[in-house]
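Engineer: Provided below: entry.txt, containing compact mmCIF, C-alpha atoms.
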# COMPACT_ATOMS: atom_id res chain seq x y z
CA MET A 224 18.65 -0.70 -6.83
CA GLY A 225 18.75 3.04 -7.46
CA SER A 226 15.88 5.30 -8.46
CA MET A 227 14.47 4.57 -11.90
CA ARG A 228 12.68 6.73 -14.43
CA LEU A 229 10.55 5.37 -17.27
CA THR A 230 10.52 7.51 -20.39
CA ALA A 231 9.14 7.07 -23.88
CA THR A 232 10.38 9.15 -26.79
CA HIS A 233 8.08 7.69 -29.46
CA PRO A 234 4.32 8.45 -29.20
CA THR A 235 3.33 4.90 -30.15
CA VAL A 236 5.57 3.40 -27.47
CA PHE A 237 4.27 5.82 -24.86
CA ARG A 238 0.63 5.03 -25.70
CA SER A 239 1.39 1.32 -25.44
CA VAL A 240 2.93 1.75 -22.00
CA LEU A 241 -0.08 3.73 -20.79
CA ALA A 242 -2.53 1.17 -22.17
CA ALA A 243 -0.69 -1.73 -20.52
CA ALA A 244 -0.57 0.08 -17.19
CA ALA A 245 -4.28 0.95 -17.37
CA ALA A 246 -5.19 -2.67 -18.09
CA LEU A 247 -3.15 -3.84 -15.11
CA LEU A 248 -4.56 -1.24 -12.75
CA LEU A 249 -8.13 -2.05 -13.75
CA THR A 250 -7.63 -5.48 -12.17
CA SER A 251 -6.17 -4.10 -8.96
CA CYS A 252 -6.73 -1.04 -6.82
CA GLY A 253 -9.06 1.59 -8.20
CA SER A 254 -12.57 0.70 -7.11
CA GLY A 255 -14.90 3.09 -5.34
CA GLY A 256 -17.53 2.38 -2.72
CA THR A 257 -21.22 3.14 -2.58
CA THR A 258 -22.64 6.39 -1.29
CA ALA A 259 -23.62 4.66 1.97
CA GLU A 260 -20.11 3.25 2.36
CA ARG A 261 -18.50 6.64 1.81
CA ALA A 262 -20.76 8.14 4.46
CA ASP A 263 -19.87 5.33 6.86
CA ASP A 264 -16.16 5.79 6.11
CA ALA A 265 -16.02 9.50 7.00
CA ARG A 266 -12.43 10.62 7.46
CA ARG A 267 -10.86 11.04 10.87
CA PRO A 268 -7.98 13.35 11.87
CA ASP A 269 -4.69 12.65 10.10
CA ALA A 270 -1.26 11.87 11.60
CA HIS A 271 -0.93 11.92 15.39
CA ALA A 272 1.96 12.34 17.80
CA SER A 273 4.17 9.34 18.45
CA SER A 274 3.90 7.28 21.64
CA ALA A 275 6.10 4.66 23.29
CA VAL A 276 5.16 1.04 22.68
CA PRO A 277 7.05 -1.35 24.97
CA GLY A 278 7.96 -4.84 23.81
CA ALA A 279 6.03 -6.47 20.98
CA LEU A 280 3.86 -4.78 18.39
CA PRO A 281 0.44 -4.17 19.98
CA GLY A 282 -2.48 -6.08 18.54
CA ILE A 283 -0.21 -8.38 16.51
CA SER A 284 -0.12 -12.06 17.48
CA GLU A 285 3.09 -14.03 18.00
CA ARG A 286 2.27 -15.96 14.83
CA PHE A 287 2.54 -12.83 12.70
CA GLN A 288 5.43 -11.31 14.64
CA LYS A 289 7.50 -14.43 13.95
CA GLN A 290 7.09 -13.71 10.23
CA ILE A 291 8.80 -10.32 10.57
CA PRO A 292 12.48 -10.68 9.57
CA GLU A 293 14.97 -10.25 12.40
CA ASP A 294 16.71 -7.38 10.61
CA THR A 295 13.49 -5.40 10.12
CA ARG A 296 13.55 -2.03 11.88
CA GLN A 297 10.45 -0.45 10.28
CA VAL A 298 6.93 -1.86 10.31
CA VAL A 299 3.81 -0.44 8.68
CA ALA A 300 0.85 -1.99 10.51
CA VAL A 301 -2.53 -1.84 8.76
CA ARG A 302 -5.33 -2.70 11.20
CA GLY A 303 -8.69 -3.16 9.54
CA ASP A 304 -11.84 -2.32 11.51
CA GLY A 305 -13.51 -5.61 10.58
CA ALA A 306 -13.23 -8.68 8.35
CA ASP A 307 -15.91 -7.31 6.01
CA ARG A 308 -15.25 -3.59 6.44
CA SER A 309 -13.25 -1.20 4.28
CA THR A 310 -11.93 1.17 6.97
CA ALA A 311 -8.57 0.77 8.68
CA THR A 312 -5.71 2.56 10.45
CA VAL A 313 -2.13 2.65 9.20
CA VAL A 314 0.54 2.88 11.92
CA LEU A 315 4.29 3.35 11.38
CA TYR A 316 6.59 1.73 13.96
CA THR A 317 10.36 1.73 14.26
CA LYS A 318 12.49 -0.67 16.30
CA ASP A 319 13.74 1.04 19.47
CA GLY A 320 16.07 -1.26 21.40
CA ASP A 321 14.17 -4.45 22.15
CA GLY A 322 10.73 -2.95 21.44
CA TRP A 323 8.81 -0.81 18.98
CA LYS A 324 7.91 2.86 19.02
CA GLU A 325 4.91 4.30 17.23
CA ARG A 326 5.92 7.23 15.02
CA ALA A 327 2.66 8.24 13.32
CA HIS A 328 -0.71 6.91 12.25
CA TRP A 329 -3.35 7.76 9.67
CA PRO A 330 -6.92 6.72 8.81
CA ALA A 331 -7.05 4.46 5.78
CA HIS A 332 -9.16 2.25 3.53
CA ASN A 333 -8.67 -1.35 2.41
CA GLY A 334 -10.58 -3.63 0.04
CA LYS A 335 -14.22 -2.60 -0.16
CA LYS A 336 -15.34 -6.14 0.82
CA GLY A 337 -12.81 -6.37 3.67
CA TRP A 338 -9.97 -8.86 4.19
CA THR A 339 -9.00 -12.42 3.27
CA PRO A 340 -6.13 -14.82 4.07
CA ASP A 341 -6.56 -16.28 0.55
CA HIS A 342 -6.69 -13.34 -1.86
CA HIS A 343 -7.71 -13.90 -5.48
CA GLU A 344 -8.05 -11.65 -8.49
CA ASP A 345 -11.02 -9.29 -8.30
CA ASP A 346 -12.32 -10.53 -4.92
CA LYS A 347 -12.31 -6.90 -3.69
CA ARG A 348 -10.58 -7.99 -0.45
CA SER A 349 -7.12 -7.10 0.84
CA PRO A 350 -4.69 -9.94 1.63
CA VAL A 351 -3.93 -10.68 5.28
CA GLY A 352 -0.27 -11.26 6.08
CA VAL A 353 3.27 -9.95 6.47
CA PHE A 354 4.88 -8.61 3.29
CA THR A 355 8.12 -6.80 2.53
CA LEU A 356 8.19 -3.29 1.07
CA THR A 357 10.95 -2.83 -1.49
CA ASP A 358 9.77 -0.58 -4.34
CA ALA A 359 7.80 2.60 -4.91
CA GLY A 360 6.71 4.90 -7.71
CA GLY A 361 3.98 7.10 -9.07
CA VAL A 362 2.99 9.93 -11.37
CA LEU A 363 4.54 12.54 -9.09
CA ALA A 364 8.23 13.12 -8.39
CA ASP A 365 9.95 11.12 -5.66
CA PRO A 366 9.22 12.89 -2.34
CA GLY A 367 12.78 11.88 -1.21
CA PRO A 368 15.57 12.34 -0.43
CA GLY A 369 16.32 8.75 0.42
CA GLY A 370 13.59 6.19 0.71
CA LEU A 371 12.71 3.14 -1.34
CA PRO A 372 13.77 2.91 -5.01
CA TYR A 373 11.25 5.06 -6.86
CA THR A 374 9.98 4.88 -10.45
CA ARG A 375 8.34 8.04 -11.77
CA SER A 376 6.13 7.56 -14.83
CA ASP A 377 2.87 8.79 -16.35
CA ALA A 378 2.12 5.09 -16.91
CA PHE A 379 0.88 5.00 -13.29
CA ALA A 380 -1.96 7.44 -14.09
CA ALA A 381 -5.41 6.03 -13.43
CA PRO A 382 -7.58 5.74 -16.57
CA ARG A 383 -9.70 8.83 -17.17
CA THR A 384 -12.66 6.51 -17.74
CA TRP A 385 -12.73 6.07 -13.95
CA ALA A 386 -14.61 8.47 -11.70
CA GLU A 387 -12.71 11.73 -11.27
CA SER A 388 -12.30 11.04 -7.54
CA HIS A 389 -9.93 8.17 -8.50
CA TRP A 390 -7.74 10.03 -10.99
CA HIS A 391 -4.96 10.72 -8.48
CA ASP A 392 -5.00 7.36 -6.66
CA PHE A 393 -1.62 6.35 -8.06
CA ASP A 394 0.21 9.66 -7.91
CA LEU A 395 2.26 8.06 -5.11
CA VAL A 396 2.44 4.30 -4.51
CA ILE A 397 4.42 1.77 -2.48
CA ALA A 398 4.29 -1.83 -3.74
CA VAL A 399 3.30 -4.51 -1.25
CA ASP A 400 5.41 -7.57 -2.10
CA TYR A 401 2.43 -9.85 -2.67
CA ASN A 402 2.69 -12.01 -5.83
CA ARG A 403 5.23 -9.70 -7.46
CA VAL A 404 8.95 -9.64 -8.28
CA LYS A 405 10.96 -7.57 -5.80
CA GLY A 406 13.28 -4.97 -7.27
CA THR A 407 10.93 -4.07 -10.12
CA PRO A 408 8.65 -1.02 -10.50
CA PRO A 409 5.28 -1.39 -8.72
CA ASN A 410 3.44 -1.66 -12.05
CA ASP A 411 5.56 -4.54 -13.35
CA PRO A 412 2.99 -7.11 -14.55
CA ALA A 413 4.84 -10.28 -13.46
CA ARG A 414 2.79 -12.58 -11.18
CA PRO A 415 5.04 -15.41 -9.86
CA GLU A 416 2.08 -17.29 -8.32
CA GLY A 417 -0.16 -16.84 -11.35
CA ARG A 418 -2.74 -14.21 -12.27
CA SER A 419 -5.56 -15.94 -10.36
CA LYS A 420 -3.81 -14.96 -7.10
CA GLY A 421 -4.14 -11.28 -7.96
CA GLY A 422 -1.46 -8.63 -7.67
CA SER A 423 -0.72 -4.91 -7.83
CA ILE A 424 -1.45 -4.62 -4.12
CA TRP A 425 -0.20 -1.16 -3.22
CA LEU A 426 -0.25 1.53 -0.60
CA HIS A 427 -1.57 4.56 -2.48
CA LEU A 428 -3.53 7.81 -2.20
CA ASP A 429 -6.99 7.65 -0.68
CA HIS A 430 -10.15 8.50 -2.61
CA GLY A 431 -12.50 8.33 0.38
CA SER A 432 -13.83 4.77 0.08
CA GLY A 433 -12.83 1.12 -0.25
CA THR A 434 -10.41 -0.21 -2.88
CA SER A 435 -10.15 -3.37 -4.97
CA GLY A 436 -7.53 -4.79 -2.58
CA CYS A 437 -4.99 -2.04 -1.92
CA VAL A 438 -4.58 0.12 1.17
CA SER A 439 -5.12 3.86 0.70
CA LEU A 440 -4.24 6.80 2.92
CA SER A 441 -3.75 10.54 2.72
CA GLU A 442 -1.10 12.24 0.59
CA GLN A 443 0.49 13.49 3.81
CA GLY A 444 0.78 9.92 5.03
CA MET A 445 2.14 8.58 1.75
CA ARG A 446 4.76 11.32 1.55
CA HIS A 447 5.80 10.60 5.13
CA LEU A 448 6.19 6.88 4.42
CA LEU A 449 8.09 7.49 1.18
CA ARG A 450 10.54 9.80 2.96
CA THR A 451 10.91 7.49 5.97
CA LEU A 452 11.01 3.88 4.76
CA GLU A 453 14.60 2.88 3.97
CA PRO A 454 15.86 -0.29 2.23
CA ASP A 455 18.57 -0.84 4.85
CA GLN A 456 15.86 -0.92 7.54
CA HIS A 457 14.15 -3.82 5.73
CA PRO A 458 10.60 -2.46 6.09
CA VAL A 459 7.55 -4.71 6.06
CA VAL A 460 3.80 -4.24 6.18
CA VAL A 461 1.70 -6.32 8.60
CA MET A 462 -1.88 -6.07 7.36
CA GLY A 463 -5.28 -7.51 8.12
CA ASP A 464 -8.44 -6.99 10.13
CA LYS A 465 -7.88 -6.61 13.86
CA ALA A 466 -9.31 -10.02 14.78
CA SER A 467 -7.11 -11.83 12.24
CA LEU A 468 -3.99 -9.98 13.35
CA ARG A 469 -4.60 -10.99 16.98
CA ALA A 470 -5.26 -14.66 16.13
Show me, as structure tokens, the structure contained in the file I just sent.
Structural biologist:
Amino acid sequence: MGSMRLTATHPTVFRSVLAAAAALLLTSCGSGGTTAERADDARRPDAHASSAVPGALPGISERFQKQIPEDTRQVVAVRGDGADRSTATVVLYTKDGDGWKERAHWPAHNGKKGWTPDHHEDDKRSPVGVFTLTDAGGVLADPGPGGLPYTRSDAFAAPRTWAESHWHDFDLVIAVDYNRVKGTPPNDPARPEGRSKGGSIWLHLDHGSGTSGCVSLSEQGMRHLLRTLEPDQHPVVVMGDKASLRA
């Protein structure tokens, strides 16, 4: 699938698209934390130099590693700091021979109530598991060249009724293939497993506190991932709190 662009030439159509997107997003990612949580989640330094990682992915159990497709050559690992915590680290790995090599990592946030292996709509927890990454988009232009198929549209804009700190959350997003149809824009509303299982789980820009289920990181990190992740490398995200990922 090539890059896509959503446009609307009629004002009524455009307003309808924006309203539908806002309604969808309100049930997904954009939820801020309390003042105490923001203080506890103070940001750390951003991307760090790569380091060699021999053999298997560190901190990831055999159970989860078996769920990674054999043809996958790029893994985004999201390691949460605790089952009920909203802070995490995002690490990008690439397959190097028989093992994996760390390329970069960034501080991040996940659901403001932590993690769950059984995610449901509005539980404010991020789903634990291994999910493919096939589609991206956002308000801003594709950081390309290359990368995942990208849909640019103002329909991704967070509602201006949200706190101003959240207005740019969806300027850049990567869809996590949880309860969605692959090959569609990240804001496609289809939910194959039903709406009660939630959806619109994305990697997106950080606002400094926990989300409603997504994973958020810096603009630098998102741009790096969008330029680096390639469809022919079959990228996946392995995400969860550290204890769950080791189990």
Engineer: When you count all atoms listed in the file, which of these residues is closest to Leu280 in chain A: A:Leu452, A:Leu440, A:Ala470, A:Val461?
Structural biologist: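 So, comparing all the options, the nearest one is A:Val461.
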Engineer: Within 10 Å of (-4.1, -7.7, 12.6) (file coordinates; all atoms listed in the file), which protein or nucleic acid residues are there? I'd like them as a ChimeraX atom specification.
Structural biologist: /A:281-284,287,300-305,351-353,461-470
Engineer: Draw an axis-aligned box tight on the listed atoms of range 311-317 of chain A, then pad every side by 8 Å and write out centre and edge lengths in Å to one decimal as JSON.
Structural biologist:
{"center_x": 0.9, "center_y": 2.1, "center_z": 11.5, "size_x": 34.9, "size_y": 18.6, "size_z": 21.6}
Engineer: Identify, on the basis of all atoms listed in the file, every residue whose closest approach to Asp429 in chain A does not exceed 10 Å; exclude the query and any residue fewer than 3 positions from it along the same chain; express the result as an MDAnalysis selection string.
Structural biologist: chainID A and resid 253 330:333 388:389 391:393 426 432:434 437:442 444:445
Engineer: Could you check how far CA of Thr317 in chain A sits from CA of Val298 in chain A, in Å to one decimal?
Structural biologist: 6.3 Å
Engineer: Which of these residues is nearest to Asp358 in chain A, using all atoms listed in the file: A:Asp455, A:Asp400, A:Glu387, A:Asp321?
Structural biologist: A:Asp400
Engineer: Considering all atoms listed in the file, can you say which of A:Tyr316, A:Ile424, A:Ala413, A:Ser349 comes closest to Gly278 in chain A?
Structural biologist: A:Tyr316
Engineer: Tell me which residues come within 12 Å of (-3.8, -15.6, -9.9), as a PDB file with C-alpha atoms, in the frame of the given file, counting only C-alpha atoms in the file's coordinates.
Structural biologist:
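New file point.pdb:
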ATOM      1  CA  THR A 250      -7.630  -5.480 -12.170  1.00  0.00           C
ATOM      2  CA  SER A 251      -6.170  -4.100  -8.960  1.00  0.00           C
ATOM      3  CA  ASP A 341      -6.560 -16.280   0.550  1.00  0.00           C
ATOM      4  CA  HIS A 342      -6.690 -13.340  -1.860  1.00  0.00           C
ATOM      5  CA  HIS A 343      -7.710 -13.900  -5.480  1.00  0.00           C
ATOM      6  CA  GLU A 344      -8.050 -11.650  -8.490  1.00  0.00           C
ATOM      7  CA  ASP A 345     -11.020  -9.290  -8.300  1.00  0.00           C
ATOM      8  CA  ASP A 346     -12.320 -10.530  -4.920  1.00  0.00           C
ATOM      9  CA  TYR A 401       2.430  -9.850  -2.670  1.00  0.00           C
ATOM     10  CA  ASN A 402       2.690 -12.010  -5.830  1.00  0.00           C
ATOM     11  CA  ARG A 403       5.230  -9.700  -7.460  1.00  0.00           C
ATOM     12  CA  PRO A 412       2.990  -7.110 -14.550  1.00  0.00           C
ATOM     13  CA  ALA A 413       4.840 -10.280 -13.460  1.00  0.00           C
ATOM     14  CA  ARG A 414       2.790 -12.580 -11.180  1.00  0.00           C
ATOM     15  CA  PRO A 415       5.040 -15.410  -9.860  1.00  0.00           C
ATOM     16  CA  GLU A 416       2.080 -17.290  -8.320  1.00  0.00           C
ATOM     17  CA  GLY A 417      -0.160 -16.840 -11.350  1.00  0.00           C
ATOM     18  CA  ARG A 418      -2.740 -14.210 -12.270  1.00  0.00           C
ATOM     19  CA  SER A 419      -5.560 -15.940 -10.360  1.00  0.00           C
ATOM     20  CA  LYS A 420      -3.810 -14.960  -7.100  1.00  0.00           C
ATOM     21  CA  GLY A 421      -4.140 -11.280  -7.960  1.00  0.00           C
ATOM     22  CA  GLY A 422      -1.460  -8.630  -7.670  1.00  0.00           C
ATOM     23  CA  SER A 423      -0.720  -4.910  -7.830  1.00  0.00           C
TER      24      SER A 423
END
Engineer: Take CA of Trp390 in chain A and CA of Thr355 in chain A and report the distance between them in Å, one decimal.
Structural biologist: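 Rounded to one decimal, the two atoms are 26.8 Å apart.
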Engineer: With distances taken over only C-alpha atoms, which of A:Val396, A:Gln297, A:Gly431, A:Thr357 is nearest to Ser376 in chain A?
Structural biologist: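 When distances to Ser376 in chain A are compared using only C-alpha atoms, the smallest one comes from A:Val396.
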Engineer: In terms of the shortest atom-to-atom distance over only C-alpha atoms, which of A:Gly320, A:Pro350, A:Gly361, A:Gly337 is closest to Ala279 in chain A?
Structural biologist: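 Going through A:Gly320, A:Pro350, A:Gly361, A:Gly337 one by one, the smallest distance to Ala279 in chain A is for A:Gly320.
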Engineer: For CA of Arg450 in chain A and CA of Ala381 in chain A, quote the distance in Å rounded to one decimal.
Structural biologist: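 Separation between CA of Arg450 in chain A and CA of Ala381 in chain A: 23.2 Å.
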Engineer: Do a neighbour search on Thr451 in chain A at 10 Å with all atoms listed in the file, toss out local chain neighbours closer than 4 positions, and write the hits as a ChimeraX atom specification.
Structural biologist: /A:297,315,367-371,445-447,456,458
Engineer: Taking into account all atoms listed in the file, which residue in the set A:Leu449, A:Ala327, A:Val460, A:Leu395 is nearest to Gln290 in chain A?
Structural biologist: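 Comparing A:Leu449, A:Ala327, A:Val460, A:Leu395 against Gln290 in chain A, the winner is A:Val460.
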